[in-house]
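A short write-up of the structure that comes next.
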Amino acid sequence: MKTTLGLAVALGALSPLARADSQRAVPGTATSPDGIAIRYHVAGKGDPALVFVHCGGCERGFWDGQVAHFAAKHRVVALDLAGHGQSGSGRKDWTMPAFGQDVVSVVEALGLKRVVLIGHSLGGPVVLEAARRMPSRVAGLVLVDTLVDFEQKRPTAEEMEKVLSELQADYRARTTAYVSQLLFSASTPESVKARVLEAVLSVPQEIGVASVRSSLTYDPLPALREIKASIRAINGDQFPTNVENNRRHVPGYQVAIMKGVGHYLMLEQPEAFNALLAQTLRELARSGGQR
């Protein structure tokens with residue numbers, strides 16, 4: 001089914017096994033261009049700043065393990081996209097460009113000069129849209145288990161209608177089925193599964209369905225043509241990464257593969273994920289942030 005990976009990105013959510021040492025983080029609020037309050041927290045010092053963007057159905061606290069780890073050397077920011085966590089939800093259009101503007105709003109509110117944007121699942125398209133809107137600030141992008149094939153075909157109108165109709169008919173049951181079947185692996189701990197489903201199902205149906213629609217129809221190629229910053233990826237092996245296709249559009253594309261994990265690699269193997277992210281940040285630094 002062509003929409004399988006797209007659904008994984010659209011419905012992807014992650015959850016912490018334990019709260020990180022985020023009490024030292026300072027909370028704040030930015031305002032998106034359409035007037036939505038975007039909540040964030042910031043910790044640490046050091047350039048470039050790392051901006052973590054969660055996936056669908058998540059909230060900023062789900063990056064606590066990374067915030068605590070990387071705040072020792074970087075200024076680290078995690079935010080709630082509109083409609084998630086503590087951010088506002090009075091948005092009319094739940095699209096990837098609108099979510100991208102949420103990220104830009106936080107970066108501008110904090111006055112960050114150079115940032116590495118790190119987006120998991122739904123956060124992948126979001127950081128692409130953010131990067132194209134602030135090219136002079138972006139020192140690199142890290143895509144986490146998302147956009148594994150930049151040329152992946154979008155679903156047909158019939159396929160889209162089928163998915164959305166199923167979601168609207170019984171949102172909780174279909175969302176539970178999609179997430180359980182597409183995103184969990186045999187190695188995913190039961191505690192992670194339970195937390196993921198709790199998080200995903202907490203999103204209001206209208207926001208969840210609209211986000212799925214936008215994610216499934218999102219074409220990354222226009223953004224990739226504009227973005228000049230280096231792009232790296234950390235992916236699991238549940239969905240094969242099409243390196244050849246991706247390098248047609250981003251010649252310097254590099255990916256690190258974590259084996260034997262589900263979609264929630266930063267939770268299932270947090271130490272391994274943090275080590276790969278640290279390595280990826282060093283590679284971005286050596287590249288000067290440019291392709």
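Ordering of the structure tokens sets the chain letters (A, B, ...), residue numbers begin anew at 1 in every chain, and ligands are numbered from 1 in the order given.
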May I have the residues within 6 Å of range 225-235 of chain A as an MDAnalysis selection string, using only C-alpha atoms and disregarding those fewer than 3 positions away in the same chain?
chainID A and resid 132 140:145 222 253:257 289:291
Limited to all heavy atoms, could you put the picked residues into a file as a CSV table (one decimal), in the first residue's frame?
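Wrote result_32.csv, looks like this:
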chain,number,residue,atom,x,y,z
A,132,ARG,N,13.3,26.4,4.9
A,132,ARG,CA,13.2,27.2,3.7
A,132,ARG,C,12.7,28.6,4.0
A,132,ARG,O,12.8,29.5,3.2
A,132,ARG,CB,12.2,26.5,2.7
A,132,ARG,CG,10.8,26.5,3.1
A,132,ARG,CD,9.9,25.6,2.3
A,132,ARG,NE,9.9,25.9,0.9
A,132,ARG,CZ,9.0,25.4,0.0
A,132,ARG,NH1,8.0,24.6,0.4
A,132,ARG,NH2,9.1,25.7,-1.3
A,140,GLY,N,22.1,23.2,9.6
A,140,GLY,CA,22.0,21.8,9.2
A,140,GLY,C,20.6,21.3,9.7
A,140,GLY,O,19.9,21.9,10.5
A,141,LEU,N,20.2,20.1,9.1
A,141,LEU,CA,19.0,19.5,9.4
A,141,LEU,C,19.3,18.0,9.7
A,141,LEU,O,20.1,17.4,9.0
A,141,LEU,CB,17.9,19.6,8.3
A,141,LEU,CG,17.5,21.0,7.9
A,141,LEU,CD1,18.3,21.5,6.8
A,141,LEU,CD2,16.0,20.9,7.6
A,142,VAL,N,18.6,17.5,10.7
A,142,VAL,CA,18.7,16.0,11.0
A,142,VAL,C,17.3,15.5,10.9
A,142,VAL,O,16.4,15.8,11.7
A,142,VAL,CB,19.3,15.8,12.3
A,142,VAL,CG1,19.4,14.2,12.6
A,142,VAL,CG2,20.7,16.4,12.5
A,143,LEU,N,17.0,14.6,10.0
A,143,LEU,CA,15.7,13.9,9.8
A,143,LEU,C,15.8,12.6,10.6
A,143,LEU,O,16.7,11.8,10.3
A,143,LEU,CB,15.4,13.7,8.3
A,143,LEU,CG,15.5,14.9,7.4
A,143,LEU,CD1,15.3,14.6,6.0
A,143,LEU,CD2,14.5,16.0,7.9
A,144,VAL,N,14.8,12.4,11.4
A,144,VAL,CA,14.8,11.2,12.3
A,144,VAL,C,13.6,10.3,11.9
A,144,VAL,O,12.5,10.6,12.1
A,144,VAL,CB,14.7,11.5,13.8
A,144,VAL,CG1,14.7,10.3,14.6
A,144,VAL,CG2,15.9,12.5,14.2
A,145,ASP,N,14.0,9.1,11.3
A,145,ASP,CA,13.0,8.1,10.8
A,145,ASP,C,11.9,8.7,10.1
A,145,ASP,O,10.7,8.5,10.4
A,145,ASP,CB,12.5,7.3,12.0
A,145,ASP,CG,12.2,5.8,11.6
A,145,ASP,OD1,13.0,5.3,10.8
A,145,ASP,OD2,11.2,5.3,12.0
A,222,PRO,N,10.0,20.5,-3.4
A,222,PRO,CA,10.2,22.0,-3.5
A,222,PRO,C,11.0,22.6,-2.4
A,222,PRO,O,11.9,23.4,-2.7
A,222,PRO,CB,8.7,22.5,-3.4
A,222,PRO,CG,7.9,21.4,-4.0
A,222,PRO,CD,8.6,20.1,-3.5
A,253,TYR,N,23.6,13.8,1.0
A,253,TYR,CA,22.8,13.1,2.0
A,253,TYR,C,23.5,11.9,2.6
A,253,TYR,O,24.1,11.1,1.9
A,253,TYR,CB,21.5,12.6,1.3
A,253,TYR,CG,20.5,11.8,2.2
A,253,TYR,CD1,19.6,12.5,3.0
A,253,TYR,CD2,20.6,10.4,2.2
A,253,TYR,CE1,18.7,11.7,3.8
A,253,TYR,CE2,19.7,9.7,3.0
A,253,TYR,CZ,18.8,10.3,3.7
A,253,TYR,OH,17.9,9.6,4.5
A,254,GLN,N,23.5,11.9,4.0
A,254,GLN,CA,24.1,10.8,4.7
A,254,GLN,C,23.1,10.2,5.7
A,254,GLN,O,22.3,11.0,6.3
A,254,GLN,CB,25.4,11.2,5.4
A,254,GLN,CG,26.5,11.7,4.5
A,254,GLN,CD,27.1,10.6,3.7
A,254,GLN,OE1,27.0,9.5,4.0
A,254,GLN,NE2,27.8,11.0,2.6
A,255,VAL,N,23.1,8.9,5.9
A,255,VAL,CA,22.1,8.4,6.9
A,255,VAL,C,22.8,7.4,7.8
A,255,VAL,O,23.7,6.6,7.3
A,255,VAL,CB,20.9,7.7,6.2
A,255,VAL,CG1,21.4,6.6,5.2
A,255,VAL,CG2,19.9,7.2,7.2
A,256,ALA,N,22.5,7.4,9.1
A,256,ALA,CA,22.9,6.4,10.0
A,256,ALA,C,21.7,5.5,10.3
A,256,ALA,O,20.6,6.0,10.6
A,256,ALA,CB,23.5,7.0,11.3
A,257,ILE,N,21.9,4.2,10.2
A,257,ILE,CA,20.8,3.2,10.4
A,257,ILE,C,20.9,2.5,11.8
A,257,ILE,O,21.9,1.9,12.1
A,257,ILE,CB,20.7,2.2,9.3
A,257,ILE,CG1,20.6,2.9,7.9
A,257,ILE,CG2,19.6,1.2,9.5
A,257,ILE,CD1,19.3,3.6,7.7
A,289,GLY,N,28.0,23.2,7.4
A,289,GLY,CA,26.5,23.4,7.3
A,289,GLY,C,26.0,23.5,5.9
A,289,GLY,O,24.8,23.7,5.7
A,290,GLN,N,26.9,23.3,4.9
A,290,GLN,CA,26.5,23.4,3.5
A,290,GLN,C,26.6,22.1,2.8
A,290,GLN,O,27.4,21.3,3.2
A,290,GLN,CB,27.3,24.5,2.8
A,290,GLN,CG,27.1,25.9,3.4
A,290,GLN,CD,25.7,26.4,3.3
A,290,GLN,OE1,25.1,26.4,2.2
A,290,GLN,NE2,25.2,26.9,4.4
A,291,ARG,N,25.8,21.9,1.8
A,291,ARG,CA,25.8,20.6,1.1
A,291,ARG,C,27.1,20.5,0.3
A,291,ARG,O,27.7,21.5,-0.1
A,291,ARG,CB,24.7,20.6,0.1
A,291,ARG,CG,23.3,20.5,0.7
A,291,ARG,CD,22.2,20.3,-0.4
A,291,ARG,NE,20.9,20.4,0.1
A,291,ARG,CZ,19.8,20.3,-0.6
A,291,ARG,NH1,19.9,20.2,-1.9
A,291,ARG,NH2,18.6,20.4,-0.1
Closest of A:Leu281, A:Ala71, A:Val196, A:Leu221 to Leu267 in chain A, counting only C-alpha atoms, is A:Val196
Selection near Cys58 in chain A, 10 Å with only C-alpha atoms, sequence-local residues under 2 positions removed, as a PyMOL selection string
chain A and resi 11-15+53-56+60-63+80-81+83-85+122+196+198-203
Shell of 10 Å around Ser89 in chain A, only C-alpha atoms, local chain residues under 5 positions omitted, as JSON, numbers by chain
{"A": [36, 37, 38, 81, 82, 83, 84, 94, 204, 207]}
Include N, CA, C and O atoms and write out the residues we just selected as a JSON list (two decimals), in the first residue's frame.
[["chain", "number", "residue", "atom", "x", "y", "z"],
["A", 36, "ILE", "N", -1.29, 31.85, 17.12],
["A", 36, "ILE", "CA", -1.34, 30.72, 18.05],
["A", 36, "ILE", "C", -0.16, 30.81, 19.02],
["A", 36, "ILE", "O", 0.98, 31.06, 18.61],
["A", 37, "ALA", "N", -0.42, 30.61, 20.30],
["A", 37, "ALA", "CA", 0.64, 30.58, 21.30],
["A", 37, "ALA", "C", 1.41, 29.27, 21.18],
["A", 37, "ALA", "O", 0.82, 28.18, 21.25],
["A", 38, "ILE", "N", 2.72, 29.37, 20.97],
["A", 38, "ILE", "CA", 3.59, 28.21, 20.81],
["A", 38, "ILE", "C", 4.50, 28.11, 22.03],
["A", 38, "ILE", "O", 5.35, 28.96, 22.26],
["A", 81, "LEU", "N", 4.33, 21.96, 18.85],
["A", 81, "LEU", "CA", 3.65, 22.48, 17.67],
["A", 81, "LEU", "C", 2.21, 22.85, 18.04],
["A", 81, "LEU", "O", 1.65, 22.35, 19.01],
["A", 82, "ALA", "N", 1.62, 23.73, 17.28],
["A", 82, "ALA", "CA", 0.23, 24.12, 17.52],
["A", 82, "ALA", "C", -0.66, 22.88, 17.59],
["A", 82, "ALA", "O", -0.47, 21.91, 16.84],
["A", 83, "GLY", "N", -1.59, 22.89, 18.53],
["A", 83, "GLY", "CA", -2.50, 21.76, 18.69],
["A", 83, "GLY", "C", -1.92, 20.61, 19.49],
["A", 83, "GLY", "O", -2.59, 19.59, 19.68],
["A", 84, "HIS", "N", -0.70, 20.75, 19.97],
["A", 84, "HIS", "CA", -0.02, 19.71, 20.73],
["A", 84, "HIS", "C", 0.46, 20.28, 22.07],
["A", 84, "HIS", "O", 0.77, 21.47, 22.17],
["A", 94, "TRP", "N", -4.31, 23.08, 9.31],
["A", 94, "TRP", "CA", -3.28, 22.27, 9.96],
["A", 94, "TRP", "C", -2.38, 21.67, 8.88],
["A", 94, "TRP", "O", -2.57, 20.54, 8.45],
["A", 204, "PRO", "N", -6.98, 16.03, 19.47],
["A", 204, "PRO", "CA", -8.36, 16.13, 18.98],
["A", 204, "PRO", "C", -8.50, 15.56, 17.57],
["A", 204, "PRO", "O", -7.60, 15.73, 16.73],
["A", 207, "ILE", "N", -7.83, 17.77, 14.48],
["A", 207, "ILE", "CA", -6.41, 18.10, 14.25],
["A", 207, "ILE", "C", -5.67, 16.88, 13.74],
["A", 207, "ILE", "O", -4.85, 16.97, 12.81]]
Skipping near chain neighbours, those fewer than 5 positions away, what residues fall within 12 Å of Lys259 in chain A using only C-alpha atoms, listed as a VMD selection string?
chain A and resid 145 185 187 234 to 240 264 to 265 268 to 269 272 to 273
Closest to Met160 in chain A among A:Ser136, A:Thr217, A:Thr146, A:Ser180, using only C-alpha atoms?
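Result for the nearest residue to Met160 in chain A: A:Thr217.
Take CA of Pro135 in chain A and CA of Leu147 in chain A: the distance between them is 20.1 Å.
The coordinates place CA of Pro33 in chain A at 26.3 Å from CA of Asp47 in chain A.
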Taking only range 227-268 of chain A into account, list the residues labelled strand (DSSP E) by DSSP (computed from the backbone), as a list of chain:residue names.
A:Ile231, A:Arg232, A:Ala233, A:Ile234, A:Asn235, A:Gly236, A:Gln254, A:Val255, A:Ala256, A:Ile257, A:Met258
Nearest to Val104 in chain A: which of A:Arg75, A:Arg133, A:Lys162, A:Arg91 is it, counting only C-alpha atoms?
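Nearest candidate to Val104 in chain A out of A:Arg75, A:Arg133, A:Lys162, A:Arg91: A:Arg133.
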Taking only range 101-247 of chain A into account, list the residues labelled alpha helix (DSSP H) by DSSP (computed from the backbone), as a CSV table (one decimal) with C-alpha atoms, in the first residue's frame.
chain,number,residue,atom,x,y,z
A,101,GLN,CA,6.1,28.7,10.9
A,102,ASP,CA,5.6,27.5,14.5
A,103,VAL,CA,9.3,26.5,14.6
A,104,VAL,CA,10.4,29.8,12.9
A,105,SER,CA,8.4,31.8,15.5
A,106,VAL,CA,10.3,30.1,18.4
A,107,VAL,CA,13.7,30.6,16.7
A,108,GLU,CA,13.0,34.2,16.2
A,109,ALA,CA,11.5,34.8,19.7
A,110,LEU,CA,14.8,33.4,21.2
A,123,GLY,CA,8.6,16.7,12.4
A,124,GLY,CA,10.6,15.9,9.2
A,125,PRO,CA,8.4,17.8,6.8
A,126,VAL,CA,8.0,20.5,9.5
A,127,VAL,CA,11.7,21.2,9.7
A,128,LEU,CA,12.0,21.3,5.9
A,129,GLU,CA,9.3,24.0,5.9
A,130,ALA,CA,11.0,25.9,8.7
A,131,ALA,CA,14.4,25.8,7.0
A,132,ARG,CA,13.2,27.2,3.7
A,133,ARG,CA,11.7,30.2,5.7
A,157,ALA,CA,-7.3,10.6,-4.3
A,158,GLU,CA,-9.1,7.3,-3.8
A,159,GLU,CA,-6.4,6.1,-1.4
A,160,MET,CA,-6.6,9.3,0.5
A,161,GLU,CA,-10.3,9.2,0.8
A,162,LYS,CA,-10.2,5.6,2.1
A,163,VAL,CA,-7.7,6.5,4.8
A,164,LEU,CA,-9.5,9.6,5.9
A,165,SER,CA,-12.9,8.0,5.8
A,166,GLU,CA,-11.7,5.2,8.1
A,167,LEU,CA,-10.2,7.7,10.5
A,168,GLN,CA,-13.3,9.8,10.6
A,169,ALA,CA,-15.6,6.8,11.1
A,171,TYR,CA,-10.8,7.7,15.0
A,172,ARG,CA,-9.6,5.9,18.1
A,173,ALA,CA,-9.9,2.4,16.7
A,174,ARG,CA,-8.3,3.2,13.4
A,175,THR,CA,-5.5,5.3,14.8
A,176,THR,CA,-4.7,2.6,17.3
A,177,ALA,CA,-4.6,0.0,14.5
A,178,TYR,CA,-2.4,2.1,12.2
A,179,VAL,CA,0.1,3.0,14.9
A,180,SER,CA,0.3,-0.5,16.3
A,181,GLN,CA,0.7,-2.2,12.9
A,182,LEU,CA,3.0,0.3,11.3
A,190,GLU,CA,5.2,-2.4,26.1
A,191,SER,CA,5.6,0.7,28.2
A,192,VAL,CA,6.5,2.7,25.1
A,193,LYS,CA,3.6,1.2,23.2
A,194,ALA,CA,1.2,2.3,25.9
A,195,ARG,CA,2.6,5.8,26.2
A,196,VAL,CA,2.6,6.3,22.4
A,197,LEU,CA,-1.0,5.3,22.1
A,198,GLU,CA,-2.0,7.5,25.0
A,199,ALA,CA,-0.2,10.4,23.4
A,200,VAL,CA,-1.6,9.9,19.9
A,201,LEU,CA,-5.2,9.5,21.1
A,205,GLN,CA,-9.8,14.2,16.0
A,206,GLU,CA,-10.1,17.2,13.8
A,207,ILE,CA,-6.4,18.1,14.3
A,208,GLY,CA,-5.3,14.5,13.9
A,209,VAL,CA,-7.2,13.9,10.6
A,210,ALA,CA,-6.1,17.3,9.1
A,211,SER,CA,-2.5,16.6,10.0
A,212,VAL,CA,-2.7,13.1,8.4
A,213,ARG,CA,-4.1,14.7,5.2
A,214,SER,CA,-1.3,17.3,5.1
A,215,SER,CA,1.4,14.8,5.8
A,216,LEU,CA,0.3,12.2,3.3
A,221,LEU,CA,11.0,18.3,-3.3
A,222,PRO,CA,10.2,22.0,-3.5
A,223,ALA,CA,11.7,22.6,-0.1
A,224,LEU,CA,14.7,20.4,-0.9
A,225,ARG,CA,15.4,22.5,-4.0
A,226,GLU,CA,15.5,25.7,-1.9
A,243,VAL,CA,19.7,6.5,-0.4
A,244,GLU,CA,20.1,6.6,-4.1
A,245,ASN,CA,16.8,8.5,-4.6
A,246,ASN,CA,17.6,10.8,-1.8
A,247,ARG,CA,21.0,11.7,-3.1
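Ranking A:Val250, A:Thr241, A:Gln86, A:Gln66 by their shortest atom-to-atom distance to Leu276 in chain A, with only C-alpha atoms included, puts A:Gln66 first.
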Write out as number ranges by chain which residues come within 7 Å of Arg137 in chain A when counting only C-alpha atoms, dropping same-chain ones fewer than 4 positions away.
A: 113-115
